[in-house]
$ cat work-v6.txt   # compact mmCIF, C-alpha atoms and all ligand atoms
# COMPACT_ATOMS: atom_id res chain seq x y z
CA MET A 22 9.82 30.43 -4.94
CA SER A 23 8.60 33.80 -3.63
CA PRO A 24 4.89 34.08 -2.73
CA ALA A 25 4.50 36.91 -5.27
CA TRP A 26 5.90 34.74 -8.08
CA HIS A 27 3.65 31.91 -7.03
CA ALA A 28 0.51 34.09 -7.11
CA ARG A 29 1.36 35.42 -10.58
CA ASP A 30 2.13 31.93 -11.80
CA ARG A 31 -1.28 30.66 -10.70
CA LEU A 32 -2.95 33.29 -12.84
CA THR A 33 -0.97 32.76 -16.01
CA ASP A 34 0.16 29.13 -16.22
CA PRO A 35 -2.68 26.84 -17.40
CA ALA A 36 -0.91 23.89 -15.80
CA VAL A 37 -1.48 25.26 -12.30
CA ARG A 38 -4.55 27.39 -12.92
CA SER A 39 -7.19 27.10 -10.21
CA ALA A 40 -10.98 27.06 -10.60
CA SER A 41 -11.12 29.58 -7.77
CA VAL A 42 -9.55 32.15 -10.11
CA SER A 43 -13.02 32.93 -11.37
CA ALA A 44 -12.05 35.34 -14.15
CA THR A 45 -9.91 32.65 -15.80
CA LYS A 46 -11.40 30.30 -18.40
CA THR A 47 -10.55 26.65 -17.82
CA SER A 48 -11.77 23.40 -19.33
CA LEU A 49 -14.45 23.54 -16.62
CA THR A 50 -15.89 26.78 -18.02
CA PRO A 51 -18.82 25.93 -20.32
CA PRO A 52 -18.41 27.31 -23.84
CA ASP A 53 -20.59 30.26 -24.86
CA ASP A 54 -22.94 28.02 -26.88
CA ALA A 55 -23.52 25.56 -24.02
CA VAL A 56 -27.17 24.94 -23.12
CA PRO A 57 -28.90 24.60 -19.73
CA PRO A 58 -29.18 21.02 -18.45
CA VAL A 59 -32.69 19.55 -18.66
CA ARG A 60 -34.40 17.50 -15.98
CA HIS A 61 -35.70 14.29 -17.58
CA PRO A 62 -39.52 13.89 -17.39
CA ASP A 63 -39.05 10.50 -15.69
CA ALA A 64 -36.49 11.79 -13.17
CA PRO A 65 -37.23 10.84 -9.55
CA ALA A 66 -39.32 13.47 -7.72
CA PRO A 67 -37.55 15.84 -5.32
CA GLY A 68 -36.81 13.99 -2.08
CA GLU A 69 -36.93 10.54 -3.68
CA PRO A 70 -33.89 8.30 -3.09
CA LEU A 71 -31.94 7.46 -6.24
CA GLY A 72 -30.60 4.06 -5.16
CA ALA A 73 -27.29 2.58 -6.22
CA HIS A 74 -26.37 2.55 -9.91
CA TYR A 75 -24.23 -0.55 -9.27
CA ALA A 76 -24.31 -2.65 -6.08
CA GLN A 77 -20.50 -2.91 -5.97
CA CYS A 78 -19.84 0.82 -6.54
CA PHE A 79 -17.37 2.22 -3.97
CA GLY A 80 -19.43 5.40 -3.72
CA CYS A 81 -23.03 4.18 -3.53
CA GLY A 82 -23.06 0.37 -3.71
CA THR A 83 -25.18 -1.36 -1.08
CA GLU A 84 -23.14 -4.58 -1.39
CA GLN A 85 -19.72 -2.89 -1.21
CA PRO A 86 -18.42 -3.43 2.34
CA HIS A 87 -15.54 -0.94 1.92
CA GLY A 88 -17.67 1.75 0.28
CA LEU A 89 -19.01 5.16 1.27
CA HIS A 90 -22.65 4.03 1.01
CA LEU A 91 -23.82 7.41 -0.23
CA ASP A 92 -27.59 7.43 -0.48
CA ALA A 93 -28.40 10.38 -2.73
CA ARG A 94 -31.84 11.93 -3.21
CA ALA A 95 -33.23 13.93 -6.08
CA GLY A 96 -33.42 17.68 -5.53
CA GLU A 97 -35.18 20.47 -7.43
CA GLY A 98 -34.19 21.08 -11.04
CA VAL A 99 -31.09 19.12 -11.99
CA SER A 100 -29.73 18.73 -8.48
CA VAL A 101 -29.13 16.03 -5.87
CA THR A 102 -28.33 15.88 -2.16
CA ALA A 103 -26.79 13.31 0.19
CA GLU A 104 -25.26 13.04 3.65
CA PHE A 105 -21.90 11.43 4.22
CA THR A 106 -20.69 10.50 7.71
CA VAL A 107 -16.90 10.53 8.00
CA ARG A 108 -15.83 7.32 9.73
CA PRO A 109 -12.51 6.46 11.43
CA GLU A 110 -11.46 4.38 8.39
CA HIS A 111 -11.66 7.57 6.29
CA GLN A 112 -8.83 9.34 8.13
CA GLY A 113 -5.84 10.95 6.43
CA ALA A 114 -4.43 12.80 9.46
CA PRO A 115 -5.35 11.90 13.06
CA GLY A 116 -9.07 12.45 13.45
CA LEU A 117 -9.46 14.16 10.06
CA ALA A 118 -10.90 12.95 6.76
CA HIS A 119 -8.51 12.06 3.92
CA GLY A 120 -8.77 14.60 1.09
CA GLY A 121 -8.85 11.98 -1.65
CA LEU A 122 -11.74 10.29 0.04
CA LEU A 123 -13.65 13.58 0.22
CA ALA A 124 -12.96 14.05 -3.50
CA THR A 125 -14.44 10.58 -4.05
CA ALA A 126 -17.60 11.60 -2.22
CA MET A 127 -17.79 14.68 -4.44
CA ASP A 128 -17.27 12.54 -7.55
CA GLU A 129 -20.08 10.25 -6.49
CA ILE A 130 -22.62 12.98 -5.72
CA LEU A 131 -21.77 14.68 -9.02
CA GLY A 132 -22.16 11.35 -10.85
CA SER A 133 -25.59 10.94 -9.28
CA LEU A 134 -26.80 13.80 -11.48
CA ASN A 135 -26.97 11.15 -14.22
CA TRP A 136 -30.25 10.00 -12.68
CA LEU A 137 -31.82 13.45 -13.06
CA MET A 138 -30.90 13.73 -16.74
CA HIS A 139 -31.21 10.01 -17.58
CA THR A 140 -27.76 10.21 -19.08
CA ILE A 141 -24.88 7.83 -18.56
CA SER A 142 -21.70 9.84 -18.11
CA VAL A 143 -18.28 9.38 -16.55
CA THR A 144 -15.97 11.84 -14.85
CA GLY A 145 -13.55 13.47 -17.30
CA ARG A 146 -12.21 16.15 -14.97
CA LEU A 147 -12.74 16.82 -11.27
CA GLU A 148 -11.34 19.83 -9.40
CA THR A 149 -11.73 19.90 -5.63
CA ASP A 150 -11.12 22.77 -3.21
CA PHE A 151 -10.60 21.75 0.41
CA LEU A 152 -11.66 24.77 2.45
CA GLN A 153 -11.49 23.43 5.97
CA PRO A 154 -10.56 20.14 7.69
CA VAL A 155 -13.41 17.67 8.16
CA PRO A 156 -13.31 15.78 11.50
CA VAL A 157 -14.14 12.10 11.89
CA ASP A 158 -17.78 11.55 12.91
CA SER A 159 -18.92 14.76 11.26
CA VAL A 160 -21.73 14.62 8.74
CA LEU A 161 -20.94 16.21 5.41
CA HIS A 162 -24.04 17.55 3.67
CA LEU A 163 -23.46 17.21 -0.06
CA THR A 164 -25.28 18.93 -2.87
CA ALA A 165 -24.57 18.83 -6.60
CA ARG A 166 -26.17 20.45 -9.59
CA ALA A 167 -25.59 20.38 -13.31
CA THR A 168 -24.93 23.82 -14.75
CA ALA A 169 -24.57 23.35 -18.52
CA ARG A 170 -24.36 20.86 -21.38
CA HIS A 171 -22.38 21.08 -24.57
CA GLY A 172 -22.53 18.05 -26.86
CA ARG A 173 -21.51 15.08 -24.73
CA LYS A 174 -20.05 17.32 -22.02
CA ILE A 175 -21.89 17.95 -18.77
CA TYR A 176 -20.66 20.74 -16.49
CA CYS A 177 -21.52 20.43 -12.82
CA THR A 178 -20.63 21.70 -9.39
CA ALA A 179 -20.91 20.39 -5.82
CA THR A 180 -20.52 21.52 -2.22
CA GLY A 181 -19.97 19.74 1.07
CA ARG A 182 -21.05 21.52 4.29
CA VAL A 183 -20.27 20.33 7.80
CA GLY A 184 -22.94 19.73 10.42
CA GLY A 185 -26.01 20.80 8.42
CA PRO A 186 -27.23 21.84 4.97
CA ASP A 187 -26.39 25.47 5.86
CA GLY A 188 -23.23 24.65 7.84
CA PRO A 189 -19.75 25.89 7.02
CA LEU A 190 -18.50 25.09 3.52
CA ALA A 191 -15.72 22.50 3.83
CA VAL A 192 -15.35 21.09 0.30
CA ARG A 193 -16.25 22.39 -3.13
CA ALA A 194 -15.85 20.67 -6.49
CA ASP A 195 -16.34 21.48 -10.15
CA ALA A 196 -16.41 18.75 -12.75
CA LEU A 197 -16.81 17.86 -16.38
CA PHE A 198 -18.60 14.58 -17.06
CA VAL A 199 -18.64 13.05 -20.54
CA GLU A 200 -21.67 11.14 -21.85
CA VAL A 201 -20.95 7.52 -22.82
CA LYS A 202 -22.92 4.53 -24.11
CA VAL A 203 -23.39 1.36 -22.05
CA GLU A 204 -20.75 -0.16 -24.33
CA HIS A 205 -18.16 2.03 -22.56
CA PHE A 206 -18.43 -0.29 -19.55
CA VAL A 207 -18.76 -3.47 -21.57
CA ASP A 208 -15.67 -2.61 -23.65
CA HIS A 209 -13.46 -1.51 -20.77
CA GLY A 210 -14.70 -3.48 -17.76
CA ARG A 211 -13.34 -6.77 -16.49
CA LYS A 212 -15.13 -9.79 -17.95
CA ASP A 213 -16.31 -11.37 -14.68
CA GLU A 214 -17.83 -8.19 -13.26
CA ILE A 215 -19.40 -7.25 -16.61
CA GLU A 216 -21.03 -10.67 -16.91
CA ALA A 217 -22.34 -10.43 -13.34
CA ALA A 218 -23.71 -6.93 -13.99
CA MET A 219 -25.31 -8.04 -17.27
CA ALA A 220 -26.97 -10.92 -15.42
CA ASP A 221 -28.75 -8.38 -13.21
CA PRO A 222 -31.81 -7.34 -15.22
CA ASP A 223 -32.30 -4.17 -13.16
CA THR A 224 -28.82 -2.88 -14.00
CA VAL A 225 -29.22 -3.57 -17.70
CA ARG A 226 -32.74 -2.13 -17.88
CA ARG A 227 -31.66 1.03 -16.08
CA ALA A 228 -28.56 1.50 -18.22
CA ARG A 229 -30.55 1.00 -21.47
CA ALA A 230 -33.38 3.29 -20.32
CA PHE A 231 -30.82 6.02 -19.67
CA GLU A 232 -29.72 5.88 -23.29
CA VAL A 233 -33.17 6.72 -24.66
CA ASN A 234 -33.76 10.41 -24.19
CA PRO A 235 -36.84 12.33 -25.31
C1 LIG B 1 -23.16 -3.30 -18.16
C2 LIG B 1 -22.80 -2.52 -16.92
C3 LIG B 1 -23.44 -1.16 -16.88
C4 LIG B 1 -23.05 -0.46 -15.58
C5 LIG B 1 -23.52 0.97 -15.59
C6 LIG B 1 -24.90 1.02 -15.21
C7 LIG B 1 -25.59 2.14 -15.08
C8 LIG B 1 -25.05 3.50 -15.29
C9 LIG B 1 -26.14 4.43 -15.02
C10 LIG B 1 -26.00 5.48 -14.29
C11 LIG B 1 -24.76 5.90 -13.62
C12 LIG B 1 -25.20 6.69 -12.44
C13 LIG B 1 -24.37 7.24 -11.57
C14 LIG B 1 -22.87 7.23 -11.67
C15 LIG B 1 -22.38 7.82 -10.44
C16 LIG B 1 -21.12 7.95 -10.05
C17 LIG B 1 -19.96 7.36 -10.67
C18 LIG B 1 -18.76 8.20 -10.37
C19 LIG B 1 -18.19 8.70 -11.63
C20 LIG B 1 -16.88 8.05 -11.94
O1 LIG B 1 -16.04 7.94 -11.14
S1 LIG B 1 -16.62 7.50 -13.56
C21 LIG B 1 -15.00 6.74 -13.47
C22 LIG B 1 -13.86 7.69 -13.71
N1 LIG B 1 -13.82 8.15 -15.05
C23 LIG B 1 -13.37 7.41 -16.08
O2 LIG B 1 -13.02 6.28 -15.93
C24 LIG B 1 -13.33 8.08 -17.43
C25 LIG B 1 -12.08 7.66 -18.19
N2 LIG B 1 -11.98 8.42 -19.41
C26 LIG B 1 -12.59 8.04 -20.54
O3 LIG B 1 -13.16 6.97 -20.64
C27 LIG B 1 -12.53 9.01 -21.69
O4 LIG B 1 -11.45 9.84 -21.61
C28 LIG B 1 -13.84 9.85 -21.80
C29 LIG B 1 -15.07 8.94 -21.97
C30 LIG B 1 -14.02 10.76 -20.56
C31 LIG B 1 -13.75 10.77 -23.03
O5 LIG B 1 -13.27 10.00 -24.13
P1 LIG B 1 -14.01 9.94 -25.53
O6 LIG B 1 -13.02 9.37 -26.51
O7 LIG B 1 -15.30 9.25 -25.41
O8 LIG B 1 -14.35 11.43 -25.89
P2 LIG B 1 -13.39 12.67 -26.19
O9 LIG B 1 -12.02 12.45 -25.74
O10 LIG B 1 -13.61 13.06 -27.63
O11 LIG B 1 -14.04 13.82 -25.25
C32 LIG B 1 -15.35 14.30 -25.51
C33 LIG B 1 -15.34 15.77 -25.13
O12 LIG B 1 -15.00 15.89 -23.72
C34 LIG B 1 -13.81 16.67 -23.56
N3 LIG B 1 -13.01 16.07 -22.49
C35 LIG B 1 -12.76 14.75 -22.30
N4 LIG B 1 -11.99 14.58 -21.22
C36 LIG B 1 -11.74 15.82 -20.73
C37 LIG B 1 -10.99 16.30 -19.63
N5 LIG B 1 -10.36 15.45 -18.81
N6 LIG B 1 -10.94 17.63 -19.41
C38 LIG B 1 -11.59 18.48 -20.22
N7 LIG B 1 -12.32 18.09 -21.28
C39 LIG B 1 -12.39 16.78 -21.54
C40 LIG B 1 -13.11 16.59 -24.89
O13 LIG B 1 -12.25 17.72 -25.06
C41 LIG B 1 -14.26 16.58 -25.87
O14 LIG B 1 -14.75 17.88 -25.98
P3 LIG B 1 -15.29 18.43 -27.41
O15 LIG B 1 -16.49 17.59 -27.76
O16 LIG B 1 -15.63 19.85 -27.17
O17 LIG B 1 -14.17 18.23 -28.36
$ encode --input "work-v6.txt" --output "structure tokens"
Amino acid sequence: MSPAWHARDRLTDPAVRSASVSATKTSLTPPDDAVPPVRHPDAPAPGEPLGAHYAQCFGCGTEQPHGLHLDARAGEGVSVTAEFTVRPEHQGAPGLAHGGLLATAMDEILGSLNWLMHTISVTGRLETDFLQPVPVDSVLHLTARATARHGRKIYCTATGRVGGPDGPLAVRADALFVEVKVEHFVDHGRKDEIEAAMADPDTVRRARAFEVNP
């Protein structure tokens, strides 16, 4: 395939269309009648830690030994921040973070926006751009913000910068989350884990509170 053909193909074929082709509408482009996301009145104050939504979560769970242990904080507006230290067990190539793992960190920080809106939502679509390699031991400074809502759909975007909040941009992601009821987890989850989660009053209270919006 010639490079010229490839470039043209990226612009015209929806199957390979990239979010970085900014003039192109994709399923991650909010529709014209989308509305701005609203920060919930009971959202944690800027700087406040959000805590884990589920202790066994691979992204944020405090009791998940294999997890990323992301500890996100509320930001201004509908935004969140977190730091993620790349450890040797996160390698894909020698000394460099695995791309799928970085995408997981982006998924998690984007999912944390749920706390700011008091909405339970799950990832429907996640597009990640890897802009430069991320070495083991580096600290990735993550930020995410919601950009629009349309019905159950939440549009959001995230960045990961190396070495500091204003460091070089290494990872960028755009996503569409879809609002669900608590029943989504009860209906689809495995019985043992669901029963254990339901036995934790904090988890249930939090999940139910998220469903009641002003
Ligand atoms: C009892 C235990 C409780 C435990 C939970 C406790 C607390 C929770 C509280 C807070 C959570 C806080 C933080 C979470 C943080 C991070 C977690 C990381 C996030 C994840 O890691 S989460 C796992 C991966 N995730 C999935 O496991 C989803 C699998 N999937 C599905 O479950 C369905 O697929 C679903 C629900 C997505 C949609 O299904 P559905 O039937 O409900 O709705 P439908 O298909 O009608 O879509 C409605 C509108 O979204 C559009 N739409 C849908 N999908 C799209 C796509 N891919 N691209 C473009 N548009 C899309 C449609 O086009 C339509 O748009 P329109 O309205 O305009 O027609």
$ atom_distance --input "work-v6.txt" --atom1 "CA of Cys81 in chain A" --atom2 "atom C13 of ligand LIG 1 (chain B)"
8.7 Å
$ residues_near_ligand --input "work-v6.txt" --ligand "ligand LIG 1 (chain B)" --cutoff "8 Å" --atoms "all atoms listed in the file" --output "ChimeraX atom specification"
/A:48-49,73-75,78,80-81,125,128-136,139-146,171-174,197-201,203-207,215-216,218-219,224-225,227-228,231
$ atom_distance --input "work-v6.txt" --atom1 "CA of Asp213 in chain A" --atom2 "CA of Arg229 in chain A"
20.0 Å
$ atom_distance --input "work-v6.txt" --atom1 "CA of Val59 in chain A" --atom2 "CA of Leu190 in chain A"
26.9 Å
$ residues_around --input "work-v6.txt" --residues "Gly88 in chain A" --least-positions-apart "3" --cutoff "12 Å" --atoms "all atoms listed in the file" --output "list in words"
Ala73, Tyr75, Ala76, Gln77, Cys78, Phe79, Gly80, Cys81, Gly82, Thr83, Glu84, Gln85, Leu91, Asp92, Phe105, Thr106, Val107, Arg108, Glu110, His111, Leu122, Thr125, Ala126 and Glu129 of chain A
$ closest_residue --input "work-v6.txt" --among "A:Val155, A:Ala230, A:Leu137, A:Ala103" --to "Pro58 in chain A" --atoms "all atoms listed in the file"
A:Leu137
$ residues_around --input "work-v6.txt" --residues "Thr180 in chain A" --least-positions-apart "2" --cutoff "6 Å" --atoms "only C-alpha atoms" --output "list in words"
Leu163, Thr164, Val192 and Arg193 of chain A
$ axis_aligned_box --input "work-v6.txt" --around "range 77-83 of chain A" --padding-each-side "4 Å" --output "lines of an AutoDock Vina configuration file"
center_x = -21.3
center_y = 1.2
center_z = -3.8
size_x = 15.8
size_y = 16.3
size_z = 13.5
$ closest_residue --input "work-v6.txt" --among "A:Ala167, A:Ala217, A:Val157, A:Ala64" --to "Leu117 in chain A" --atoms "all atoms listed in the file"
A:Val157
$ build_atoms --input "work-v6.txt" --residues "range 138-155 of chain A" --atoms "N, CA and C atoms" --output "PDB file, in the frame of the given file"
ATOM      1  N   MET A 138     -30.892  13.440 -15.302  1.00  0.00           N
ATOM      2  CA  MET A 138     -30.900  13.730 -16.740  1.00  0.00           C
ATOM      3  C   MET A 138     -31.132  12.472 -17.561  1.00  0.00           C
ATOM      4  N   HIS A 139     -31.149  11.298 -16.877  1.00  0.00           N
ATOM      5  CA  HIS A 139     -31.210  10.010 -17.580  1.00  0.00           C
ATOM      6  C   HIS A 139     -30.112   9.922 -18.627  1.00  0.00           C
ATOM      7  N   THR A 140     -28.928  10.256 -18.201  1.00  0.00           N
ATOM      8  CA  THR A 140     -27.760  10.210 -19.080  1.00  0.00           C
ATOM      9  C   THR A 140     -26.696   9.379 -18.394  1.00  0.00           C
ATOM     10  N   ILE A 141     -26.015   8.547 -19.134  1.00  0.00           N
ATOM     11  CA  ILE A 141     -24.880   7.830 -18.560  1.00  0.00           C
ATOM     12  C   ILE A 141     -23.634   8.648 -18.899  1.00  0.00           C
ATOM     13  N   SER A 142     -22.929   9.072 -17.876  1.00  0.00           N
ATOM     14  CA  SER A 142     -21.700   9.840 -18.110  1.00  0.00           C
ATOM     15  C   SER A 142     -20.654   9.447 -17.090  1.00  0.00           C
ATOM     16  N   VAL A 143     -19.390   9.693 -17.447  1.00  0.00           N
ATOM     17  CA  VAL A 143     -18.280   9.380 -16.550  1.00  0.00           C
ATOM     18  C   VAL A 143     -17.464  10.656 -16.306  1.00  0.00           C
ATOM     19  N   THR A 144     -16.765  10.681 -15.189  1.00  0.00           N
ATOM     20  CA  THR A 144     -15.970  11.840 -14.850  1.00  0.00           C
ATOM     21  C   THR A 144     -14.812  12.001 -15.822  1.00  0.00           C
ATOM     22  N   GLY A 145     -14.727  13.172 -16.477  1.00  0.00           N
ATOM     23  CA  GLY A 145     -13.550  13.470 -17.300  1.00  0.00           C
ATOM     24  C   GLY A 145     -12.561  14.280 -16.503  1.00  0.00           C
ATOM     25  N   ARG A 146     -13.074  15.272 -15.768  1.00  0.00           N
ATOM     26  CA  ARG A 146     -12.210  16.150 -14.970  1.00  0.00           C
ATOM     27  C   ARG A 146     -12.927  16.504 -13.677  1.00  0.00           C
ATOM     28  N   LEU A 147     -12.167  16.503 -12.591  1.00  0.00           N
ATOM     29  CA  LEU A 147     -12.740  16.820 -11.270  1.00  0.00           C
ATOM     30  C   LEU A 147     -11.754  17.715 -10.532  1.00  0.00           C
ATOM     31  N   GLU A 148     -12.200  18.908 -10.170  1.00  0.00           N
ATOM     32  CA  GLU A 148     -11.340  19.830  -9.400  1.00  0.00           C
ATOM     33  C   GLU A 148     -11.969  20.023  -8.040  1.00  0.00           C
ATOM     34  N   THR A 149     -11.185  19.821  -6.993  1.00  0.00           N
ATOM     35  CA  THR A 149     -11.730  19.900  -5.630  1.00  0.00           C
ATOM     36  C   THR A 149     -10.979  20.952  -4.828  1.00  0.00           C
ATOM     37  N   ASP A 150     -11.707  21.809  -4.145  1.00  0.00           N
ATOM     38  CA  ASP A 150     -11.120  22.770  -3.210  1.00  0.00           C
ATOM     39  C   ASP A 150     -11.446  22.290  -1.800  1.00  0.00           C
ATOM     40  N   PHE A 151     -10.417  22.144  -0.991  1.00  0.00           N
ATOM     41  CA  PHE A 151     -10.600  21.750   0.410  1.00  0.00           C
ATOM     42  C   PHE A 151     -10.495  23.017   1.243  1.00  0.00           C
ATOM     43  N   LEU A 152     -11.609  23.442   1.825  1.00  0.00           N
ATOM     44  CA  LEU A 152     -11.660  24.770   2.450  1.00  0.00           C
ATOM     45  C   LEU A 152     -11.449  24.723   3.957  1.00  0.00           C
ATOM     46  N   GLN A 153     -11.821  23.599   4.559  1.00  0.00           N
ATOM     47  CA  GLN A 153     -11.490  23.430   5.970  1.00  0.00           C
ATOM     48  C   GLN A 153     -11.474  21.946   6.315  1.00  0.00           C
ATOM     49  N   PRO A 154     -10.673  21.562   7.353  1.00  0.00           N
ATOM     50  CA  PRO A 154     -10.560  20.140   7.690  1.00  0.00           C
ATOM     51  C   PRO A 154     -11.917  19.578   8.124  1.00  0.00           C
ATOM     52  N   VAL A 155     -12.131  18.307   7.817  1.00  0.00           N
ATOM     53  CA  VAL A 155     -13.410  17.670   8.160  1.00  0.00           C
ATOM     54  C   VAL A 155     -13.150  16.571   9.195  1.00  0.00           C
TER      55      VAL A 155
END
